[in-house]
Amino acid sequence: MRTLNDYFIPFKITDVSTAGQVYVPVPDGGKIIKVITALNGAIGTADAVLTLKIGGAAVTGGTVTITQSGSAAGDVDSCVPTAANEVLEDGSIEIETNGASSNAISVDGVIIVRR
């Protein structure tokens, strides 16, 4: 259940199959309570794994696995972080991709933060 204290930070990864990082700015502090993604095409070879980090440290429960088998545009995946998920105002959240999948497919996502 969402509350009026929740806000939403959209992000885009232009190629989920290439290893790298995307940094998402945080306008207000709080705790990351959920991350949800939507795939924009089929990936191949292996699962794509997104790992959330704050200040270089992994967020506990902050891993989104996008399954390669049967993947298609519109597939939705999510995670619910449980610890090490406190973000500071004017900080950033790193989203690291493992680069294990193939096909240059973009992913759109939303980080939900509770103040």
# chains A, B, ... in the order shown; residues from 1 in each chain; ligands from 1
>>> residues_around(residues="Gly61 of chain A", least_positions_apart="2", cutoff="8 Å", atoms="only C-alpha atoms", output="list in words")
Val59, Thr63, Cys79, Val80, Pro81, Thr82 and Ala83 of chain A
>>> write_last_selection(atoms="C-alpha atoms", output="CSV table (one decimal), in the first residue's frame")
chain,number,residue,atom,x,y,z
A,59,VAL,CA,21.1,-2.4,-0.7
A,63,THR,CA,18.4,-6.9,-6.5
A,79,CYS,CA,12.3,-6.1,-5.5
A,80,VAL,CA,11.6,-5.0,-2.0
A,81,PRO,CA,14.7,-3.8,-0.2
A,82,THR,CA,14.8,-4.7,3.5
A,83,ALA,CA,18.0,-2.9,4.9
>>> closest_atom_pairs(of="segment 75-112 of chain A", to="segment 11-24 of chain A", cutoff="8 Å", atoms="only C-alpha atoms", output="CSV")
residue,atom,partner,partner_atom,distance
A:Ser92,CA,A:Val24,CA,5.3
A:Ile93,CA,A:Val24,CA,5.1
A:Glu94,CA,A:Tyr23,CA,4.5
A:Ile95,CA,A:Val22,CA,5.2
A:Glu96,CA,A:Gln21,CA,4.4
A:Thr97,CA,A:Ala19,CA,5.1
A:Asn98,CA,A:Ala19,CA,4.9
A:Gly99,CA,A:Ala19,CA,3.8
A:Ala100,CA,A:Ser17,CA,6.3
A:Ser101,CA,A:Ser17,CA,4.8
A:Ser102,CA,A:Ser17,CA,5.2
A:Asn103,CA,A:Ser17,CA,6.2
A:Ala104,CA,A:Asp15,CA,5.0
A:Ile105,CA,A:Asp15,CA,5.0
A:Ser106,CA,A:Thr14,CA,4.4
A:Val107,CA,A:Ile13,CA,5.2
A:Asp108,CA,A:Lys12,CA,4.5
A:Gly109,CA,A:Phe11,CA,5.2
A:Val110,CA,A:Phe11,CA,6.0
A:Ile111,CA,A:Phe11,CA,7.8
